[in-house]
$ cat input.pdb   # PDB, C-alpha atoms and all ligand atoms
ATOM      1  CA  MET A  26       0.000   0.000   0.000  1.00  0.00           C
ATOM      2  CA  ASP A  27       1.540   3.348  -1.052  1.00  0.00           C
ATOM      3  CA  ALA A  28      -0.710   5.328   1.222  1.00  0.00           C
ATOM      4  CA  LEU A  29      -0.430   4.968   4.999  1.00  0.00           C
ATOM      5  CA  ILE A  30      -3.819   4.220   6.503  1.00  0.00           C
ATOM      6  CA  ILE A  31      -4.479   4.687  10.188  1.00  0.00           C
ATOM      7  CA  ALA A  32      -7.878   3.183  11.045  1.00  0.00           C
ATOM      8  CA  ILE A  33      -9.493   4.410  14.239  1.00  0.00           C
ATOM      9  CA  ASP A  34     -12.748   2.994  15.532  1.00  0.00           C
ATOM     10  CA  GLY A  35     -14.632   3.402  18.760  1.00  0.00           C
ATOM     11  CA  PRO A  36     -17.876   4.493  20.380  1.00  0.00           C
ATOM     12  CA  ALA A  37     -19.245   8.037  20.697  1.00  0.00           C
ATOM     13  CA  GLY A  38     -17.231  10.265  23.000  1.00  0.00           C
ATOM     14  CA  SER A  39     -14.211   7.962  23.224  1.00  0.00           C
ATOM     15  CA  GLY A  40     -11.870  10.731  22.057  1.00  0.00           C
ATOM     16  CA  LYS A  41     -11.224   9.096  18.684  1.00  0.00           C
ATOM     17  CA  GLY A  42     -12.006  12.248  16.695  1.00  0.00           C
ATOM     18  CA  THR A  43      -9.518  14.448  18.537  1.00  0.00           C
ATOM     19  CA  LEU A  44      -6.952  11.689  18.359  1.00  0.00           C
ATOM     20  CA  ALA A  45      -7.506  11.183  14.631  1.00  0.00           C
ATOM     21  CA  ARG A  46      -7.044  14.897  13.916  1.00  0.00           C
ATOM     22  CA  ARG A  47      -3.847  15.080  15.946  1.00  0.00           C
ATOM     23  CA  LEU A  48      -2.379  11.933  14.411  1.00  0.00           C
ATOM     24  CA  ALA A  49      -3.147  13.235  10.923  1.00  0.00           C
ATOM     25  CA  GLY A  50      -1.296  16.459  11.755  1.00  0.00           C
ATOM     26  CA  ALA A  51       1.666  14.616  13.267  1.00  0.00           C
ATOM     27  CA  TYR A  52       2.077  12.169  10.365  1.00  0.00           C
ATOM     28  CA  GLY A  53       1.210  14.565   7.531  1.00  0.00           C
ATOM     29  CA  LEU A  54      -1.890  12.566   6.551  1.00  0.00           C
ATOM     30  CA  ARG A  55      -5.362  13.702   5.594  1.00  0.00           C
ATOM     31  CA  HIS A  56      -8.220  13.101   7.999  1.00  0.00           C
ATOM     32  CA  LEU A  57     -11.759  11.889   7.411  1.00  0.00           C
ATOM     33  CA  ASP A  58     -14.306  11.844  10.221  1.00  0.00           C
ATOM     34  CA  THR A  59     -16.595   9.236   8.660  1.00  0.00           C
ATOM     35  CA  GLY A  60     -19.338   9.905  11.219  1.00  0.00           C
ATOM     36  CA  LEU A  61     -19.900  13.193   9.404  1.00  0.00           C
ATOM     37  CA  LEU A  62     -21.022  11.295   6.298  1.00  0.00           C
ATOM     38  CA  TYR A  63     -23.757   9.494   8.228  1.00  0.00           C
ATOM     39  CA  ARG A  64     -24.639  12.685  10.090  1.00  0.00           C
ATOM     40  CA  ALA A  65     -25.000  14.517   6.781  1.00  0.00           C
ATOM     41  CA  VAL A  66     -27.343  11.842   5.409  1.00  0.00           C
ATOM     42  CA  ALA A  67     -29.431  12.087   8.588  1.00  0.00           C
ATOM     43  CA  ARG A  68     -29.457  15.901   8.444  1.00  0.00           C
ATOM     44  CA  LEU A  69     -30.716  15.912   4.845  1.00  0.00           C
ATOM     45  CA  MET A  70     -33.386  13.309   5.612  1.00  0.00           C
ATOM     46  CA  LEU A  71     -34.659  15.463   8.482  1.00  0.00           C
ATOM     47  CA  ASP A  72     -34.468  18.661   6.379  1.00  0.00           C
ATOM     48  CA  ARG A  73     -36.551  16.925   3.711  1.00  0.00           C
ATOM     49  CA  SER A  74     -38.994  15.562   6.297  1.00  0.00           C
ATOM     50  CA  ARG A  75     -38.306  11.972   5.270  1.00  0.00           C
ATOM     51  CA  PRO A  76     -38.659   9.190   7.846  1.00  0.00           C
ATOM     52  CA  LEU A  77     -35.180   8.036   8.874  1.00  0.00           C
ATOM     53  CA  ASP A  78     -36.012   4.409   8.129  1.00  0.00           C
ATOM     54  CA  ASP A  79     -36.974   5.122   4.492  1.00  0.00           C
ATOM     55  CA  GLU A  80     -34.028   3.203   3.033  1.00  0.00           C
ATOM     56  CA  ASP A  81     -34.699   4.177  -0.605  1.00  0.00           C
ATOM     57  CA  ALA A  82     -34.651   7.874   0.254  1.00  0.00           C
ATOM     58  CA  ALA A  83     -31.625   7.523   2.569  1.00  0.00           C
ATOM     59  CA  HIS A  84     -29.760   5.594  -0.107  1.00  0.00           C
ATOM     60  CA  ALA A  85     -30.488   8.289  -2.710  1.00  0.00           C
ATOM     61  CA  VAL A  86     -29.229  10.959  -0.299  1.00  0.00           C
ATOM     62  CA  ALA A  87     -26.056   8.969   0.493  1.00  0.00           C
ATOM     63  CA  ALA A  88     -25.308   8.265  -3.178  1.00  0.00           C
ATOM     64  CA  THR A  89     -25.387  11.959  -4.103  1.00  0.00           C
ATOM     65  CA  LEU A  90     -23.975  13.422  -0.898  1.00  0.00           C
ATOM     66  CA  ASN A  91     -21.779  16.486  -1.226  1.00  0.00           C
ATOM     67  CA  LEU A  92     -20.290  17.436   2.119  1.00  0.00           C
ATOM     68  CA  GLU A  93     -18.795  20.645   0.731  1.00  0.00           C
ATOM     69  CA  PHE A  94     -22.161  22.329   0.797  1.00  0.00           C
ATOM     70  CA  MET A  95     -22.937  21.358   4.349  1.00  0.00           C
ATOM     71  CA  ASP A  96     -22.384  23.502   7.375  1.00  0.00           C
ATOM     72  CA  GLU A  97     -20.577  21.291   9.890  1.00  0.00           C
ATOM     73  CA  SER A  98     -22.177  23.077  12.833  1.00  0.00           C
ATOM     74  CA  ARG A  99     -25.557  21.709  11.662  1.00  0.00           C
ATOM     75  CA  LEU A 100     -24.187  18.162  11.825  1.00  0.00           C
ATOM     76  CA  ARG A 101     -22.792  18.146  15.336  1.00  0.00           C
ATOM     77  CA  GLY A 102     -25.959  18.494  17.428  1.00  0.00           C
ATOM     78  CA  ARG A 103     -27.174  15.863  19.851  1.00  0.00           C
ATOM     79  CA  GLU A 104     -30.208  14.720  17.884  1.00  0.00           C
ATOM     80  CA  ILE A 105     -28.187  14.283  14.686  1.00  0.00           C
ATOM     81  CA  GLY A 106     -25.867  11.715  16.309  1.00  0.00           C
ATOM     82  CA  ASP A 107     -28.872   9.637  17.181  1.00  0.00           C
ATOM     83  CA  ALA A 108     -30.494  10.057  13.750  1.00  0.00           C
ATOM     84  CA  ALA A 109     -27.154   9.137  12.107  1.00  0.00           C
ATOM     85  CA  SER A 110     -27.100   5.894  14.028  1.00  0.00           C
ATOM     86  CA  VAL A 111     -30.547   5.022  12.601  1.00  0.00           C
ATOM     87  CA  VAL A 112     -29.649   5.745   8.951  1.00  0.00           C
ATOM     88  CA  SER A 113     -26.242   4.090   9.308  1.00  0.00           C
ATOM     89  CA  ALA A 114     -27.818   0.730  10.179  1.00  0.00           C
ATOM     90  CA  GLN A 115     -29.210   0.518   6.622  1.00  0.00           C
ATOM     91  CA  PRO A 116     -27.015  -1.654   4.370  1.00  0.00           C
ATOM     92  CA  ARG A 117     -27.610   0.352   1.183  1.00  0.00           C
ATOM     93  CA  VAL A 118     -26.652   3.591   2.914  1.00  0.00           C
ATOM     94  CA  ARG A 119     -23.376   2.039   4.095  1.00  0.00           C
ATOM     95  CA  HIS A 120     -22.730   0.605   0.658  1.00  0.00           C
ATOM     96  CA  ALA A 121     -23.253   4.002  -1.014  1.00  0.00           C
ATOM     97  CA  LEU A 122     -20.599   5.570   1.250  1.00  0.00           C
ATOM     98  CA  LEU A 123     -18.013   2.779   1.096  1.00  0.00           C
ATOM     99  CA  GLU A 124     -16.069   3.649  -2.073  1.00  0.00           C
ATOM    100  CA  ARG A 125     -15.883   7.295  -1.135  1.00  0.00           C
ATOM    101  CA  GLN A 126     -14.137   6.394   2.143  1.00  0.00           C
ATOM    102  CA  ARG A 127     -11.743   3.991   0.416  1.00  0.00           C
ATOM    103  CA  SER A 128     -10.738   6.407  -2.319  1.00  0.00           C
ATOM    104  CA  PHE A 129     -10.196   9.155   0.245  1.00  0.00           C
ATOM    105  CA  GLY A 130      -7.773   6.931   2.158  1.00  0.00           C
ATOM    106  CA  LEU A 131      -5.915   5.564  -0.851  1.00  0.00           C
ATOM    107  CA  GLU A 132      -4.834   8.923  -2.209  1.00  0.00           C
ATOM    108  CA  PRO A 133      -1.154   9.440  -1.269  1.00  0.00           C
ATOM    109  CA  PRO A 134       0.182  10.130   1.305  1.00  0.00           C
ATOM    110  CA  GLY A 135      -2.738   8.359   3.003  1.00  0.00           C
ATOM    111  CA  ALA A 136      -5.139   9.213   5.743  1.00  0.00           C
ATOM    112  CA  VAL A 137      -6.434   8.761   9.215  1.00  0.00           C
ATOM    113  CA  LEU A 138     -10.075   7.676   9.113  1.00  0.00           C
ATOM    114  CA  ASP A 139     -12.177   7.465  12.237  1.00  0.00           C
ATOM    115  CA  GLY A 140     -15.543   5.775  12.610  1.00  0.00           C
ATOM    116  CA  ARG A 141     -17.085   2.453  13.619  1.00  0.00           C
ATOM    117  CA  ASP A 142     -16.051   0.029  10.860  1.00  0.00           C
ATOM    118  CA  ILE A 143     -12.813   1.416   9.435  1.00  0.00           C
ATOM    119  CA  GLY A 144     -10.599  -1.450  10.620  1.00  0.00           C
ATOM    120  CA  THR A 145     -13.229  -4.142  10.067  1.00  0.00           C
ATOM    121  CA  VAL A 146     -14.869  -3.200   6.732  1.00  0.00           C
ATOM    122  CA  ILE A 147     -13.430  -0.110   5.029  1.00  0.00           C
ATOM    123  CA  PHE A 148      -9.711  -0.890   5.437  1.00  0.00           C
ATOM    124  CA  PRO A 149      -9.374  -4.430   6.800  1.00  0.00           C
ATOM    125  CA  ASP A 150      -5.692  -4.419   5.697  1.00  0.00           C
ATOM    126  CA  ALA A 151      -4.738  -1.105   7.321  1.00  0.00           C
ATOM    127  CA  PRO A 152      -1.295  -1.411   8.935  1.00  0.00           C
ATOM    128  CA  VAL A 153      -2.379   0.598  11.970  1.00  0.00           C
ATOM    129  CA  LYS A 154      -5.700  -0.116  13.690  1.00  0.00           C
ATOM    130  CA  LEU A 155      -6.717   1.508  16.922  1.00  0.00           C
ATOM    131  CA  PHE A 156      -9.871   0.819  18.873  1.00  0.00           C
ATOM    132  CA  VAL A 157     -10.379   3.801  21.155  1.00  0.00           C
ATOM    133  CA  THR A 158     -12.726   3.394  24.067  1.00  0.00           C
ATOM    134  CA  ALA A 159     -13.636   4.791  27.503  1.00  0.00           C
ATOM    135  CA  SER A 160     -16.292   4.094  30.124  1.00  0.00           C
ATOM    136  CA  ALA A 161     -19.824   5.210  29.198  1.00  0.00           C
ATOM    137  CA  GLU A 162     -19.838   7.619  32.179  1.00  0.00           C
ATOM    138  CA  GLU A 163     -16.606   9.319  31.102  1.00  0.00           C
ATOM    139  CA  ARG A 164     -17.791   9.548  27.488  1.00  0.00           C
ATOM    140  CA  ALA A 165     -21.054  11.109  28.653  1.00  0.00           C
ATOM    141  CA  ARG A 166     -19.116  13.620  30.767  1.00  0.00           C
ATOM    142  CA  ARG A 167     -17.033  14.650  27.749  1.00  0.00           C
ATOM    143  CA  ARG A 168     -20.004  14.879  25.388  1.00  0.00           C
ATOM    144  CA  HIS A 169     -21.924  16.903  27.969  1.00  0.00           C
ATOM    145  CA  ALA A 170     -19.045  19.392  28.322  1.00  0.00           C
ATOM    146  CA  GLU A 171     -18.789  19.658  24.532  1.00  0.00           C
ATOM    147  CA  LEU A 172     -22.518  20.344  24.098  1.00  0.00           C
ATOM    148  CA  VAL A 173     -22.539  22.910  26.915  1.00  0.00           C
ATOM    149  CA  GLU A 174     -19.673  24.650  25.144  1.00  0.00           C
ATOM    150  CA  ARG A 175     -21.791  24.765  21.973  1.00  0.00           C
ATOM    151  CA  GLY A 176     -24.609  26.359  23.951  1.00  0.00           C
ATOM    152  CA  GLU A 177     -26.846  23.247  24.099  1.00  0.00           C
ATOM    153  CA  HIS A 178     -28.130  22.796  27.631  1.00  0.00           C
ATOM    154  CA  VAL A 179     -28.981  19.193  28.328  1.00  0.00           C
ATOM    155  CA  ASP A 180     -28.534  17.214  31.497  1.00  0.00           C
ATOM    156  CA  TYR A 181     -25.818  14.672  32.032  1.00  0.00           C
ATOM    157  CA  ASP A 182     -28.206  11.758  32.623  1.00  0.00           C
ATOM    158  CA  ALA A 183     -29.911  12.349  29.286  1.00  0.00           C
ATOM    159  CA  ILE A 184     -26.520  12.281  27.552  1.00  0.00           C
ATOM    160  CA  LEU A 185     -25.522   9.078  29.339  1.00  0.00           C
ATOM    161  CA  ASP A 186     -28.795   7.552  28.235  1.00  0.00           C
ATOM    162  CA  ASP A 187     -28.137   8.672  24.618  1.00  0.00           C
ATOM    163  CA  ILE A 188     -24.649   7.182  24.707  1.00  0.00           C
ATOM    164  CA  ARG A 189     -25.882   3.840  26.004  1.00  0.00           C
ATOM    165  CA  LYS A 190     -28.660   3.677  23.427  1.00  0.00           C
ATOM    166  CA  ARG A 191     -26.305   4.603  20.586  1.00  0.00           C
ATOM    167  CA  ASP A 192     -23.687   2.043  21.747  1.00  0.00           C
ATOM    168  CA  ASP A 193     -26.361  -0.599  21.851  1.00  0.00           C
ATOM    169  CA  ARG A 194     -27.652   0.228  18.357  1.00  0.00           C
ATOM    170  CA  ASP A 195     -24.146   0.507  16.845  1.00  0.00           C
ATOM    171  CA  MET A 196     -22.845  -2.701  18.467  1.00  0.00           C
ATOM    172  CA  ASN A 197     -25.850  -4.897  17.795  1.00  0.00           C
ATOM    173  CA  ARG A 198     -26.749  -4.047  14.203  1.00  0.00           C
ATOM    174  CA  ALA A 199     -26.384  -6.711  11.531  1.00  0.00           C
ATOM    175  CA  GLN A 200     -24.356  -4.528   9.165  1.00  0.00           C
ATOM    176  CA  ALA A 201     -20.809  -3.452  10.148  1.00  0.00           C
ATOM    177  CA  PRO A 202     -21.404  -3.517  13.910  1.00  0.00           C
ATOM    178  CA  LEU A 203     -19.081  -1.510  16.129  1.00  0.00           C
ATOM    179  CA  LYS A 204     -16.379  -3.889  17.360  1.00  0.00           C
ATOM    180  CA  PRO A 205     -12.587  -4.004  17.413  1.00  0.00           C
ATOM    181  CA  ALA A 206     -10.968  -5.690  14.418  1.00  0.00           C
ATOM    182  CA  ASP A 207      -9.158  -8.887  15.464  1.00  0.00           C
ATOM    183  CA  ASP A 208      -5.814  -7.174  14.926  1.00  0.00           C
ATOM    184  CA  ALA A 209      -6.747  -3.776  16.428  1.00  0.00           C
ATOM    185  CA  ILE A 210      -4.978  -2.421  19.489  1.00  0.00           C
ATOM    186  CA  THR A 211      -7.380  -1.124  22.128  1.00  0.00           C
ATOM    187  CA  LEU A 212      -6.640   2.204  23.782  1.00  0.00           C
ATOM    188  CA  ASP A 213      -8.776   2.941  26.834  1.00  0.00           C
ATOM    189  CA  THR A 214      -8.826   6.710  27.387  1.00  0.00           C
ATOM    190  CA  THR A 215     -11.029   6.710  30.522  1.00  0.00           C
ATOM    191  CA  ASP A 216      -8.158   7.967  32.690  1.00  0.00           C
ATOM    192  CA  LEU A 217      -6.184   9.757  29.987  1.00  0.00           C
ATOM    193  CA  ASP A 218      -6.377  13.407  28.991  1.00  0.00           C
ATOM    194  CA  ALA A 219      -6.067  14.338  25.309  1.00  0.00           C
ATOM    195  CA  ASP A 220      -2.263  14.714  25.472  1.00  0.00           C
ATOM    196  CA  ALA A 221      -1.707  11.389  27.228  1.00  0.00           C
ATOM    197  CA  ALA A 222      -4.050   9.638  24.762  1.00  0.00           C
ATOM    198  CA  PHE A 223      -2.151  11.185  21.848  1.00  0.00           C
ATOM    199  CA  GLU A 224       1.198  10.079  23.258  1.00  0.00           C
ATOM    200  CA  ALA A 225      -0.064   6.526  23.778  1.00  0.00           C
ATOM    201  CA  ALA A 226      -1.515   6.465  20.246  1.00  0.00           C
ATOM    202  CA  CYS A 227       1.769   7.674  18.703  1.00  0.00           C
ATOM    203  CA  LYS A 228       3.614   4.825  20.399  1.00  0.00           C
ATOM    204  CA  ILE A 229       1.131   2.344  18.942  1.00  0.00           C
ATOM    205  CA  VAL A 230       1.466   3.878  15.462  1.00  0.00           C
ATOM    206  CA  GLU A 231       5.263   3.655  15.668  1.00  0.00           C
ATOM    207  CA  THR A 232       5.179  -0.028  16.537  1.00  0.00           C
ATOM    208  CA  CYS A 233       2.643  -0.937  13.827  1.00  0.00           C
ATOM    209  CA  ARG A 234       3.588   1.062  10.730  1.00  0.00           C
TER     210      ARG A 234
HETATM  211  O1  LIG B 301     -18.830   9.276  15.161  1.00  0.00           O
HETATM  212  P1  LIG B 301     -20.180   9.945  15.207  1.00  0.00           P
HETATM  213  O2  LIG B 301     -20.751  10.048  16.581  1.00  0.00           O
HETATM  214  O3  LIG B 301     -20.184  11.262  14.506  1.00  0.00           O
HETATM  215  O4  LIG B 301     -21.127   8.976  14.349  1.00  0.00           O
HETATM  216  C1  LIG B 301     -22.527   9.150  14.294  1.00  0.00           C
HETATM  217  C2  LIG B 301     -23.162   7.805  14.003  1.00  0.00           C
HETATM  218  O5  LIG B 301     -22.828   7.414  12.669  1.00  0.00           O
HETATM  219  C3  LIG B 301     -22.687   6.643  14.883  1.00  0.00           C
HETATM  220  O6  LIG B 301     -23.444   6.494  16.070  1.00  0.00           O
HETATM  221  C4  LIG B 301     -22.830   5.432  13.977  1.00  0.00           C
HETATM  222  O7  LIG B 301     -24.127   4.885  14.035  1.00  0.00           O
HETATM  223  C5  LIG B 301     -22.640   6.003  12.580  1.00  0.00           C
HETATM  224  N1  LIG B 301     -21.328   5.692  12.027  1.00  0.00           N
HETATM  225  C6  LIG B 301     -21.175   4.456  11.432  1.00  0.00           C
HETATM  226  N2  LIG B 301     -20.000   4.134  10.829  1.00  0.00           N
HETATM  227  C7  LIG B 301     -18.979   4.987  10.816  1.00  0.00           C
HETATM  228  C8  LIG B 301     -19.094   6.255  11.442  1.00  0.00           C
HETATM  229  C9  LIG B 301     -20.294   6.568  12.060  1.00  0.00           C
HETATM  230  O8  LIG B 301     -22.092   3.641  11.441  1.00  0.00           O
HETATM  231  N3  LIG B 301     -17.844   4.640  10.183  1.00  0.00           N
END
$ encode --input "input.pdb" --output "structure tokens"
Amino acid sequence: MDALIIAIDGPAGSGKGTLARRLAGAYGLRHLDTGLLYRAVARLMLDRSRPLDDEDAAHAVAATLNLEFMDESRLRGREIGDAASVVSAQPRVRHALLERQRSFGLEPPGAVLDGRDIGTVIFPDAPVKLFVTASAEERARRRHAELVERGEHVDYDAILDDIRKRDDRDMNRAQAPLKPADDAITLDTTDLDADAAFEAACKIVETCR
């Protein structure tokens, strides 16, 4: 493989996004937050008042998706994460977004992709695979702080409930369920701040690449 692929998977709020961005900067790679693709499909379905489980409509949206025209701030809200997890369970939606993720990664010098199925489905041969996780309580605490910073005022218990529901849906779906690839290295960030997680991840990258 000419392009270096770093595959990062993990549940919501595990710190994988921050880690992916920092690793991309450190290794001179491009970065794709693949959750944004599913969030964008969900956003457009809601904007068009389509039911989230209308697979034909969701597939059509995914197949013609152009992220350039989407305002990222409209994709980050709490309800969009949940809606994304509903559309992302649909096989044809996942299929429509697969090639786009692969071609992004294969362009030299390579990329860091973060999501739920990067090491298992999108790049099963990636030389570096990280599964980033943290306790549900710690992930809820982080997500809560992030939403408060964005001006969304929701209580911690509601966020914890969201996280548990989303984990359950993402881990138990038939298509590309969230799970570590057999050859992924797990990094538990429950007791690590962003710098310590980054340092630990760099060590893993150095041993794998
Ligand atoms: O990572 P993020 O929280 O933005 O992802 C939103 C939702 O999109 C996830 O809960 C998951 O259902 C879905 N997703 C996915 N596969 C990916 C990335 C995200 O199914 N590679």
$ residues_around --input "input.pdb" --residues "range 221-227 of chain A" --least-positions-apart "3" --cutoff "8 Å" --atoms "only C-alpha atoms" --output "PyMOL selection string"
chain A and resi 44+47-48+155+212+214+217-218+230-231
$ write_last_selection --input "input.pdb" --atoms "C-alpha atoms" --output "short mmCIF file (atom, residue, chain, number, x, y, z; two decimals), in the frame of the given file"
data_model
loop_
_atom_site.label_atom_id
_atom_site.label_comp_id
_atom_site.auth_asym_id
_atom_site.auth_seq_id
_atom_site.Cartn_x
_atom_site.Cartn_y
_atom_site.Cartn_z
CA LEU A 44 -6.95 11.69 18.36
CA ARG A 47 -3.85 15.08 15.95
CA LEU A 48 -2.38 11.93 14.41
CA LEU A 155 -6.72 1.51 16.92
CA LEU A 212 -6.64 2.20 23.78
CA THR A 214 -8.83 6.71 27.39
CA LEU A 217 -6.18 9.76 29.99
CA ASP A 218 -6.38 13.41 28.99
CA VAL A 230 1.47 3.88 15.46
CA GLU A 231 5.26 3.66 15.67
#
$ closest_residue --input "input.pdb" --among "A:Lys154, A:Arg164, A:Glu97, A:Asp187" --to "Thr211 in chain A" --atoms "all atoms listed in the file"
A:Lys154
$ resolve_selection --input "input.pdb" --expression "the PyMOL selection byres (((not hetatm)) within 8 of (chain B and resi 301))" --output "ChimeraX atom specification"
/A:34,36-38,42,58-64,101,105-114,119,139-143,191-192,194-195,201-203
$ atom_distance --input "input.pdb" --atom1 "CA of Leu123 in chain A" --atom2 "CA of Val66 in chain A"
13.7 Å
$ residues_near_point --input "input.pdb" --point "(-6.4, -7.7, 13.8)" --cutoff "9 Å" --atoms "all atoms listed in the file" --output "PyMOL selection string"
chain A and resi 144-145+149-150+154+205-210
$ resolve_selection --input "input.pdb" --expression "the PyMOL selection byres (((chain A and resi 128-130) around 10) and not hetatm)" --output "short mmCIF file (atom, residue, chain, number, x, y, z; two decimals) with C-alpha atoms, keeping the file's coordinate frame"
data_model
loop_
_atom_site.label_atom_id
_atom_site.label_comp_id
_atom_site.auth_asym_id
_atom_site.auth_seq_id
_atom_site.Cartn_x
_atom_site.Cartn_y
_atom_site.Cartn_z
CA ALA A 28 -0.71 5.33 1.22
CA LEU A 29 -0.43 4.97 5.00
CA ILE A 30 -3.82 4.22 6.50
CA ILE A 31 -4.48 4.69 10.19
CA ALA A 32 -7.88 3.18 11.04
CA LEU A 54 -1.89 12.57 6.55
CA ARG A 55 -5.36 13.70 5.59
CA HIS A 56 -8.22 13.10 8.00
CA LEU A 57 -11.76 11.89 7.41
CA LEU A 123 -18.01 2.78 1.10
CA GLU A 124 -16.07 3.65 -2.07
CA ARG A 125 -15.88 7.30 -1.14
CA GLN A 126 -14.14 6.39 2.14
CA ARG A 127 -11.74 3.99 0.42
CA LEU A 131 -5.92 5.56 -0.85
CA GLU A 132 -4.83 8.92 -2.21
CA PRO A 133 -1.15 9.44 -1.27
CA PRO A 134 0.18 10.13 1.30
CA GLY A 135 -2.74 8.36 3.00
CA ALA A 136 -5.14 9.21 5.74
CA VAL A 137 -6.43 8.76 9.22
CA LEU A 138 -10.07 7.68 9.11
CA ILE A 147 -13.43 -0.11 5.03
CA PHE A 148 -9.71 -0.89 5.44
#
